[in-house]
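Peer 1: Let me give you the structure first, and then I'll get to my questions.
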Amino acid sequence: MDSKRSDPSRGAAMPLAVKILVAGGFGVGKTSMVGAVSEIRPLRTEEQLTDRSVGVDDVSGVERKTTTTVAMDFGRITIRDGLVLYLFGTPGQDRFWFMWDELALGALGAVVLADTRRLADSFPSIDYFERRRLPFIIGVNCFDGAVRYDTEEIRAALDLDPKIPVILCDVRKRESGKQVLITLVEHVLEVMAERQRQPGAALR
Amino acid sequence: MSEWLDDEAGPVVRPYALTRGRTRSSREGFELIAIIATAATSQFAPAGAGPEHIAILEMCVRPLSVAEISARMKLPLGVVRVLLGDLLDHGLIAVRRPEPDNRLPNERLLKEVLNGLQAL
């Protein structure tokens with residue numbers, strides 16, 4: 001039957017995929033941002049924790065286990081033929097760190113969305129990306145009615161490295177979401193250049 | 001039965017029944033953004049292939065990421081990975097994995113992403 005198989009290289013080309021994460025507290029606008037810039041309606045993928053949380057391959061005895069489902073919303077932007085960018089919203093519940101590890105693996109960088117009324121909600125995401133040395137920026141989502149702060153005040157409140165960009169945005173708007181992503185990728189390029197100037201610190 | 005079950009009740013078939021209880025794929029490498037493409041049409045699928053295997057083969061005639069397959073089939077990632085492992089074992093799919101994590105993202109790739117975003 002081998003001879004009858006189609007050659008995938010002759011059919012639709014297989015693109016290379018890259019990803020960017022969109023993190024932040026519950027209800028801060030992660031899915032809105034993914035939806036605003038994605039070329040497809042945001043999709044949802046789920047992982048069930050039964051196997052991982054218990055750490056066995058065998059599902060006999062599942063009666064005793066509780067199954068928890070972690071959901072992630074994501075979208076897609078075709079950069080060019082053969083290169084696709086996926087945007088993943090991190091799970092709303094910070095306790096699912098194992099899922100964050102899978103999401104962060106190989107990611108180009110992350111956007112941490114912050115709401116000025118609940119700045120502390122973005123601390124876990126910031127801590128996580130700092131520890132992982134994954135480049136990130138802060139997008140301050142300006143909700144209707146939220147008091148507008150100066151980005152420097154927000155930077156101070158979040159105790160951020162001065163090199164990390166903090167930008168105001170309205171993630172429901174495509175143009176604003178796009179600007180957030182551009183700022184992130186420019187920042188990733190700067191971080192990389194800096195790490196290359198400091199040998200030994202290059203590998204994350 | 002429909003009067004007893006609604007969406008709140010969850011799927012009638014528990015997802016891991018589709019994988020005959022297997023929770024691990026025989027292979028690594030099905031990252032969320034690994035791209036899957038059908039390498040052989042479903043008529044070449046072995047006798048043991050289930051409807052979900054066939055559905056993946058039909059879906060991935062246009063290459064899709066593992067996450068998209070999971071979302072479109074409404075199946076958890078773990079289940080999709082087991083099914084993809086079966087398909088790969090039989091040479092029915094091709095996989096394009098993302099760039100490995102153990103090196104910095106390459107500058108050329110990042111600049112391409114930047115240009116692509118600016119052109120949106």
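Labels for the structure tokens follow display order: chains A, B, ..., residues from 1 in each chain, ligands from 1.
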Env of B:Ser65: 7 Å cut, atoms = only C-alpha atoms, seq-sep filter 2 positions within chain, self excluded. Answer as a PDB file with N, CA and C atoms, in the first residue's frame.
Peer 2:
ATOM      1  N   LEU B  32       1.404  21.262  20.875  1.00  0.00           N
ATOM      2  CA  LEU B  32       0.164  21.978  20.531  1.00  0.00           C
ATOM      3  C   LEU B  32       0.186  22.533  19.116  1.00  0.00           C
ATOM      4  N   ILE B  33       1.358  23.036  18.694  1.00  0.00           N
ATOM      5  CA  ILE B  33       1.413  23.683  17.381  1.00  0.00           C
ATOM      6  C   ILE B  33       2.170  22.827  16.360  1.00  0.00           C
ATOM      7  N   ALA B  34       2.383  21.542  16.673  1.00  0.00           N
ATOM      8  CA  ALA B  34       2.922  20.653  15.628  1.00  0.00           C
ATOM      9  C   ALA B  34       1.859  20.591  14.533  1.00  0.00           C
ATOM     10  N   ILE B  35       2.301  20.632  13.286  1.00  0.00           N
ATOM     11  CA  ILE B  35       1.363  20.624  12.162  1.00  0.00           C
ATOM     12  C   ILE B  35       1.232  19.200  11.610  1.00  0.00           C
ATOM     13  N   ILE B  36       0.003  18.792  11.446  1.00  0.00           N
ATOM     14  CA  ILE B  36      -0.292  17.427  10.995  1.00  0.00           C
ATOM     15  C   ILE B  36      -0.886  17.491   9.591  1.00  0.00           C
ATOM     16  N   ALA B  67      -3.574  21.443  18.205  1.00  0.00           N
ATOM     17  CA  ALA B  67      -4.600  22.174  18.974  1.00  0.00           C
ATOM     18  C   ALA B  67      -5.883  22.334  18.161  1.00  0.00           C
ATOM     19  N   GLU B  68      -5.746  22.625  16.873  1.00  0.00           N
ATOM     20  CA  GLU B  68      -6.942  22.783  16.025  1.00  0.00           C
ATOM     21  C   GLU B  68      -7.693  21.465  15.864  1.00  0.00           C
ATOM     22  N   ILE B  69      -6.951  20.377  15.735  1.00  0.00           N
ATOM     23  CA  ILE B  69      -7.612  19.069  15.612  1.00  0.00           C
ATOM     24  C   ILE B  69      -8.419  18.787  16.883  1.00  0.00           C
TER      25      ILE B  69
END
Peer 1: For chain B versus chain A, which residues have an atom no more than 8 Å away, and what is each residue's nearest atom pair and distance in Å rounded to one decimal, using only C-alpha atoms, chain-then-number order, as a tab-separated table?
Peer 2:
residue	atom	partner	partner_atom	distance
B:Gly21	CA	A:Val59	CA	6.1
B:Arg22	CA	A:Asp57	CA	7.0
B:Thr23	CA	A:Asp57	CA	5.8
B:Arg24	CA	A:Asp57	CA	6.6
B:Leu32	CA	A:Leu103	CA	7.7
B:Ile33	CA	A:Ala17	CA	6.0
B:Ala34	CA	A:Ala17	CA	7.0
B:Ile35	CA	A:Met14	CA	6.7
B:Ile36	CA	A:Met14	CA	7.7
B:Ala37	CA	A:Pro8	CA	6.8
B:Thr38	CA	A:Pro8	CA	6.8
B:Ala39	CA	A:Pro8	CA	5.2
B:Ala40	CA	A:Arg5	CA	4.9
B:Thr41	CA	A:Arg5	CA	7.4
B:Phe44	CA	A:Met1	CA	7.1
B:Val61	CA	A:Ala12	CA	7.6
B:Arg62	CA	A:Ala12	CA	6.2
B:Pro63	CA	A:Met14	CA	6.1
B:Ala67	CA	A:Thr45	CA	6.1
B:Glu68	CA	A:Leu43	CA	7.3
B:Ser70	CA	A:Thr45	CA	5.8
B:Ala71	CA	A:Thr45	CA	4.7
B:Arg72	CA	A:Leu43	CA	7.9
B:Lys74	CA	A:Thr45	CA	7.4
B:Leu75	CA	A:Glu46	CA	7.3
B:Pro76	CA	A:Glu47	CA	4.9
B:Leu77	CA	A:Glu47	CA	5.3
B:Gly78	CA	A:Glu47	CA	6.5
B:Ala94	CA	A:Pro8	CA	7.0
B:Arg96	CA	A:Met14	CA	6.7
B:Arg97	CA	A:Leu16	CA	7.6
B:Pro98	CA	A:Ala17	CA	5.8
B:Glu99	CA	A:Gly106	CA	7.0
B:Pro100	CA	A:Gly106	CA	6.4
B:Asp101	CA	A:Gly106	CA	4.5
B:Asn102	CA	A:Leu203	CA	7.7
B:Arg103	CA	A:Leu203	CA	6.9
B:Leu104	CA	A:Leu203	CA	7.0
B:Pro105	CA	A:Leu108	CA	6.6
B:Glu107	CA	A:Leu189	CA	6.9
B:Leu110	CA	A:Val185	CA	6.8
B:Glu112	CA	A:Ile79	CA	7.6
B:Val113	CA	A:Ile79	CA	6.2
B:Leu114	CA	A:Ile182	CA	6.1
B:Gly116	CA	A:Ile79	CA	4.8
B:Leu117	CA	A:Ile182	CA	6.4
B:Gln118	CA	A:Ile182	CA	7.0
B:Leu120	CA	A:Lys178	CA	7.9
Peer 1: What parts of stretch 9-117 of chain B does DSSP call strand (DSSP E)? I'd like the answer as a PyMOL selection string.
Peer 2: chain B and resi 35-38+64-65+93-96
Peer 1: Which residue, A:Phe26, A:Tyr149, A:Phe143, A:Phe136, has the smallest gap to A:Cys169 when you use only C-alpha atoms?
Peer 2: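 For A:Cys169, the nearest of the candidates is A:Phe143.
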